[in-house]
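This report refers to the structure that appears directly beneath it.
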Amino acid sequence: MPSQVFSTRNITSGSSVKTYSKSFDMTGTGLQKSADYAANKSKARVSGEKLSCSINKSKKVIKVFTTAEFPIDFFTATGISTLTKLKGTYNTTGSFYKGFGNIILEILKAIPKIVEFTIDFSTDSKTKVTTKAVGKHLILSSHDYNYIHGLFDSEKKQINQSSLSQALKFLSRKITIPANVKIGGELVSTAFKKTIFKEVISNLSDKELHELLFQLYEKRYDILASKIELFKETDTYKLDYINELYQQHLKKHKSHESKWQTFFEDNFNIINPSYKYVIREVDTIIEQIDEEAKSRPIDFIAIDIYNNIELIELKTPSADIISKRKDRNNYCLTHNCTKACTQLEKYLIKIESNKLEVAKLITEKVSKKYGI
């Protein structure tokens, strides 16, 4: 018997599209008949063809007819009107790919007296098994269906039985799988877990990431002996991070003061966790209390958790702080460093003498910068 070629034709009537299919011999004559069949738009049925699927675009319902080995005659996909959204199926007929279809078949066989199968693409869909007068109805949410397809797609190098056990184990969390159906094996491979993790993380909002951070924090706490150990781990991570960043800056910007100012501003709460806010644009504040102040009199004003303020003057790693020569057997601060300290002390006195005015100016700066 010659090999067969599979051909389909679509018949549209209003918002409904029906796809029929038929096999032809892989011969010159058969191929010509196949082409003629695909071009046939007549609503009259052709001898030997079968209805593969029907799509109601207005109601967003797709009905796909199954082969004889399935315990149901057809399954439906609701909430979509195109087969391209139905993963694991052919875009022409809606029938399952080889291999993945076996997974779906075994899942359906695992549901006693199943008479209906629906894949629900609505936004609030949930996986469940409902009971009808004649049998069971399995409803898979689109999320769970796509997850099962992902299991198969990522694990297709393994045998189908492995993917099946993973799919059944996943579904057993949501619906009851009979005790006589074997469920076992690891749900997903380590590689696929990493894939899922990366995909989830990359699609989380800032709020979701914030919530996940503390969930992971608590999960790690459950493993460790105490929260003290967790705090140590966290602090060590922060110190390692800031040290690595510091070393990079040291190589690239050793004498570039503005780069170090940016470095401090970006990482101030790691360098000193007691700082809540840091203000870099301090000229207008200092000028209000000192008429002699020149442009950028100091680098930063920091506010700590107790609302105390600190005046900060940065020096680059290449700047000399301590003199290289002894004076009366002592190493003293360099002239430039002494000037900076004297200047800071002067402004501290000025601020102390004008507390209310400075507090108002700082509050305005913090509000503008941090939106509070």
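By order in the structure tokens, chains are A, B, ...; within a chain, residues start at 1; ligands start at 1, following the order shown.
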
Next on the checklist: Can you pull out the residues contacting stretch 141-144 of chain A? Cut-off 8 Å, using only C-alpha atoms, and skip same-chain residues under 3 positions away; I want them as a ChimeraX atom specification.
Outcome noted: /A:119-122,125-127,147-148

Now that the selection is made, can you save its residues with N, CA and C atoms as a PDB file, in the first residue's frame?
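Output saved as result.pdb:
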ATOM      1  N   ILE A 119     -10.269  22.597  27.879  1.00  0.00           N
ATOM      2  CA  ILE A 119      -9.127  23.454  28.219  1.00  0.00           C
ATOM      3  C   ILE A 119      -9.660  24.879  28.267  1.00  0.00           C
ATOM      4  N   ASP A 120      -9.630  25.475  29.452  1.00  0.00           N
ATOM      5  CA  ASP A 120     -10.283  26.764  29.684  1.00  0.00           C
ATOM      6  C   ASP A 120      -9.255  27.893  29.652  1.00  0.00           C
ATOM      7  N   PHE A 121      -9.397  28.796  28.699  1.00  0.00           N
ATOM      8  CA  PHE A 121      -8.462  29.916  28.548  1.00  0.00           C
ATOM      9  C   PHE A 121      -8.988  31.213  29.163  1.00  0.00           C
ATOM     10  N   SER A 122     -10.053  31.150  29.922  1.00  0.00           N
ATOM     11  CA  SER A 122     -10.539  32.364  30.585  1.00  0.00           C
ATOM     12  C   SER A 122      -9.564  32.771  31.684  1.00  0.00           C
ATOM     13  N   SER A 125      -9.777  30.885  35.128  1.00  0.00           N
ATOM     14  CA  SER A 125      -9.995  29.438  35.038  1.00  0.00           C
ATOM     15  C   SER A 125      -9.198  28.683  36.096  1.00  0.00           C
ATOM     16  N   LYS A 126      -9.759  27.557  36.539  1.00  0.00           N
ATOM     17  CA  LYS A 126      -9.097  26.696  37.517  1.00  0.00           C
ATOM     18  C   LYS A 126      -9.254  25.238  37.094  1.00  0.00           C
ATOM     19  N   THR A 127      -8.238  24.460  37.371  1.00  0.00           N
ATOM     20  CA  THR A 127      -8.286  23.035  37.048  1.00  0.00           C
ATOM     21  C   THR A 127      -9.169  22.304  38.052  1.00  0.00           C
ATOM     22  N   TYR A 147       1.585  24.503  31.324  1.00  0.00           N
ATOM     23  CA  TYR A 147       2.650  24.000  32.198  1.00  0.00           C
ATOM     24  C   TYR A 147       2.970  22.547  31.851  1.00  0.00           C
ATOM     25  N   ILE A 148       1.918  21.742  31.663  1.00  0.00           N
ATOM     26  CA  ILE A 148       2.120  20.335  31.301  1.00  0.00           C
ATOM     27  C   ILE A 148       2.821  20.237  29.950  1.00  0.00           C
TER      28      ILE A 148
END

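Backbone DSSP over stretch 64-217 of chain A gives strand (DSSP E or B) for Val64, Phe65, Phe74, Phe75, Thr76, Ala77, Thr78, Thr89, Phe96, Ile114, Val115, Glu116, Phe117, Thr118, Ile119, Asp120, Lys128, Val129, Thr130, Thr131, Lys136, His137, Leu138, Ile139, Leu140 and Ser141 of chain A.
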
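Coordinates place atom CA of A:Phe268 at a distance of 14.4 Å from atom CA of A:Asp235.
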
Next on the checklist: Need to verify the contact set: A:Asp299, 12 Å, only C-alpha atoms, exclusion of same-chain residues closer than 3 positions in sequence. Can you return it as a VMD selection string?
Outcome noted: chain A and resid 257 to 258 260 to 262 264 to 265 278 to 283 285 to 286 295 to 296 302 310 to 315 340 343 to 344

Now that the selection is made, can you save its residues with C-alpha atoms as a compact mmCIF listing (two decimals), in the first residue's frame?
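Contents of selection03.txt, as written:
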# COMPACT_ATOMS: atom_id res chain seq x y z
CA GLU A 257 35.89 62.53 42.64
CA SER A 258 32.47 62.83 40.98
CA TRP A 260 33.12 58.37 43.96
CA GLN A 261 30.36 60.76 44.96
CA THR A 262 27.95 58.83 42.74
CA PHE A 264 28.55 56.76 47.72
CA GLU A 265 25.11 58.13 46.85
CA VAL A 278 21.48 61.30 51.61
CA ILE A 279 21.28 64.73 49.97
CA ARG A 280 23.90 65.62 47.41
CA GLU A 281 22.63 69.04 46.33
CA VAL A 282 23.43 70.88 49.56
CA ASP A 283 24.53 74.26 48.16
CA ILE A 285 21.08 74.74 52.36
CA ILE A 286 24.56 75.92 53.30
CA SER A 295 29.79 76.44 45.36
CA ARG A 296 29.54 72.86 46.69
CA ALA A 302 23.11 62.33 55.53
CA GLU A 310 25.90 64.13 59.34
CA LEU A 311 27.99 66.31 57.06
CA ILE A 312 30.10 64.27 54.68
CA GLU A 313 33.13 65.36 52.68
CA LEU A 314 34.49 62.68 50.35
CA LYS A 315 38.08 62.26 49.29
CA ALA A 340 38.03 70.03 55.11
CA GLN A 343 35.05 73.58 57.17
CA LEU A 344 32.80 70.76 58.39

Item to check | Minimum-distance residue to A:Val115, chosen among A:Thr131, A:Ser202, A:Asn336, A:Thr19 (using only C-alpha atoms) | outcome: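 Comparing A:Thr131, A:Ser202, A:Asn336, A:Thr19 against A:Val115, the winner is A:Thr131.
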
Next on the checklist: Taking only stretch 208-303 of chain A into account, list the residues labelled helix (DSSP H, G or I) by DSSP (computed from the backbone), as a PyMOL selection string.
Outcome noted: chain A and resi 208-223+227-252+257-271+283-289

Could you write those residues out with C-alpha atoms, as a PDB file, in the first residue's frame?
ATOM      1  CA  GLU A 208       5.882  40.941  43.523  1.00  0.00           C
ATOM      2  CA  LEU A 209       9.687  40.858  43.704  1.00  0.00           C
ATOM      3  CA  HIS A 210       9.535  42.630  47.068  1.00  0.00           C
ATOM      4  CA  GLU A 211       7.059  40.067  48.402  1.00  0.00           C
ATOM      5  CA  LEU A 212       9.096  37.165  47.014  1.00  0.00           C
ATOM      6  CA  LEU A 213      12.260  38.523  48.607  1.00  0.00           C
ATOM      7  CA  PHE A 214      10.807  38.228  52.093  1.00  0.00           C
ATOM      8  CA  GLN A 215       9.255  34.836  51.354  1.00  0.00           C
ATOM      9  CA  LEU A 216      12.700  33.566  50.377  1.00  0.00           C
ATOM     10  CA  TYR A 217      14.123  35.283  53.440  1.00  0.00           C
ATOM     11  CA  GLU A 218      11.737  33.347  55.681  1.00  0.00           C
ATOM     12  CA  LYS A 219      12.391  30.122  53.774  1.00  0.00           C
ATOM     13  CA  ARG A 220      16.119  30.502  54.341  1.00  0.00           C
ATOM     14  CA  TYR A 221      15.466  31.228  58.022  1.00  0.00           C
ATOM     15  CA  ASP A 222      13.633  27.896  58.335  1.00  0.00           C
ATOM     16  CA  ILE A 223      16.789  26.128  57.155  1.00  0.00           C
ATOM     17  CA  LYS A 227      17.878  34.514  62.408  1.00  0.00           C
ATOM     18  CA  ILE A 228      21.265  35.649  63.669  1.00  0.00           C
ATOM     19  CA  GLU A 229      22.855  33.305  61.133  1.00  0.00           C
ATOM     20  CA  LEU A 230      20.560  34.699  58.453  1.00  0.00           C
ATOM     21  CA  PHE A 231      21.562  38.253  59.314  1.00  0.00           C
ATOM     22  CA  LYS A 232      25.217  37.243  59.141  1.00  0.00           C
ATOM     23  CA  GLU A 233      24.696  35.760  55.688  1.00  0.00           C
ATOM     24  CA  THR A 234      22.884  38.873  54.507  1.00  0.00           C
ATOM     25  CA  ASP A 235      25.516  41.231  55.890  1.00  0.00           C
ATOM     26  CA  THR A 236      28.310  39.147  54.404  1.00  0.00           C
ATOM     27  CA  TYR A 237      26.609  39.243  51.013  1.00  0.00           C
ATOM     28  CA  LYS A 238      26.245  43.032  51.217  1.00  0.00           C
ATOM     29  CA  LEU A 239      29.869  43.488  52.240  1.00  0.00           C
ATOM     30  CA  ASP A 240      31.096  41.214  49.452  1.00  0.00           C
ATOM     31  CA  TYR A 241      28.950  43.112  46.970  1.00  0.00           C
ATOM     32  CA  ILE A 242      30.111  46.573  48.039  1.00  0.00           C
ATOM     33  CA  ASN A 243      33.740  45.436  48.208  1.00  0.00           C
ATOM     34  CA  GLU A 244      33.599  44.088  44.659  1.00  0.00           C
ATOM     35  CA  LEU A 245      32.028  47.331  43.465  1.00  0.00           C
ATOM     36  CA  TYR A 246      34.667  49.316  45.337  1.00  0.00           C
ATOM     37  CA  GLN A 247      37.494  47.360  43.710  1.00  0.00           C
ATOM     38  CA  GLN A 248      36.026  48.040  40.265  1.00  0.00           C
ATOM     39  CA  HIS A 249      35.824  51.763  40.998  1.00  0.00           C
ATOM     40  CA  LEU A 250      39.341  51.728  42.362  1.00  0.00           C
ATOM     41  CA  LYS A 251      40.670  50.414  39.056  1.00  0.00           C
ATOM     42  CA  LYS A 252      38.619  52.717  36.824  1.00  0.00           C
ATOM     43  CA  GLU A 257      35.893  62.533  42.644  1.00  0.00           C
ATOM     44  CA  SER A 258      32.474  62.833  40.975  1.00  0.00           C
ATOM     45  CA  LYS A 259      32.478  59.073  40.288  1.00  0.00           C
ATOM     46  CA  TRP A 260      33.121  58.370  43.963  1.00  0.00           C
ATOM     47  CA  GLN A 261      30.365  60.762  44.961  1.00  0.00           C
ATOM     48  CA  THR A 262      27.953  58.828  42.742  1.00  0.00           C
ATOM     49  CA  PHE A 263      29.261  55.559  44.185  1.00  0.00           C
ATOM     50  CA  PHE A 264      28.551  56.763  47.718  1.00  0.00           C
ATOM     51  CA  GLU A 265      25.112  58.133  46.847  1.00  0.00           C
ATOM     52  CA  ASP A 266      24.071  54.876  45.163  1.00  0.00           C
ATOM     53  CA  ASN A 267      25.299  52.657  47.994  1.00  0.00           C
ATOM     54  CA  PHE A 268      25.090  54.802  51.125  1.00  0.00           C
ATOM     55  CA  ASN A 269      22.645  52.516  52.965  1.00  0.00           C
ATOM     56  CA  ILE A 270      24.988  49.558  52.447  1.00  0.00           C
ATOM     57  CA  ILE A 271      28.051  51.524  53.521  1.00  0.00           C
ATOM     58  CA  ASP A 283      24.528  74.263  48.158  1.00  0.00           C
ATOM     59  CA  THR A 284      21.227  76.028  48.791  1.00  0.00           C
ATOM     60  CA  ILE A 285      21.075  74.742  52.364  1.00  0.00           C
ATOM     61  CA  ILE A 286      24.559  75.915  53.305  1.00  0.00           C
ATOM     62  CA  GLU A 287      24.169  79.219  51.473  1.00  0.00           C
ATOM     63  CA  GLN A 288      21.120  80.017  53.619  1.00  0.00           C
ATOM     64  CA  ILE A 289      23.179  79.836  56.801  1.00  0.00           C
TER      65      ILE A 289
END

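Nearest residue to A:Pro178, choosing from A:Leu140, A:Asp327, A:Leu108, A:Glu352 and counting only C-alpha atoms: A:Leu108.
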
Next on the checklist: Just want the 9 Å neighbourhood of A:Ile111, counted on only C-alpha atoms, with same-chain residues fewer than 2 positions away dropped. Output as number ranges by chain.
Outcome noted: A: 106-109, 113-114, 129, 136-138, 176-178

Checklist entry - Pick from A:Asn307, A:Thr8, A:Thr118, A:Asn102: nearest to A:Ile62, with only C-alpha atoms counted? => result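 Nearest to A:Ile62: A:Thr118.
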
Checklist entry - Could you pull the residues within 8 Å of A:Phe100, counting only C-alpha atoms, minus those fewer than 5 positions along the same chain, as number ranges by chain? => result A: 88, 149, 152

With N, CA and C atoms retained, write the just-selected residues as a PDB file, in the first residue's frame.
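The result, written out as out-v6.pdb:
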ATOM      1  N   GLY A  88       0.999  22.385  21.586  1.00  0.00           N
ATOM      2  CA  GLY A  88       1.054  20.932  21.501  1.00  0.00           C
ATOM      3  C   GLY A  88       0.102  20.341  20.488  1.00  0.00           C
ATOM      4  N   HIS A 149       2.421  21.102  29.024  1.00  0.00           N
ATOM      5  CA  HIS A 149       3.102  21.110  27.726  1.00  0.00           C
ATOM      6  C   HIS A 149       4.569  21.495  27.900  1.00  0.00           C
ATOM      7  N   PHE A 152       6.540  18.505  29.052  1.00  0.00           N
ATOM      8  CA  PHE A 152       6.830  17.595  27.938  1.00  0.00           C
ATOM      9  C   PHE A 152       7.880  18.190  27.009  1.00  0.00           C
TER      10      PHE A 152
END

Checklist entry - To one decimal place, how far is atom CA of A:Asp25 from atom CA of A:Ile11 in Å? => result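 Spanning atom CA of A:Asp25 to atom CA of A:Ile11 is a straight-line distance of 23.2 Å.
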
Next on the checklist: Please determine, counting only C-alpha atoms, which residue among A:Asn203, A:Lys128, A:Thr82, A:Ile72 has the shortest atom-to-atom distance to A:Leu105.
Outcome noted: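 That would be A:Ile72, the residue with the smallest distance to A:Leu105.
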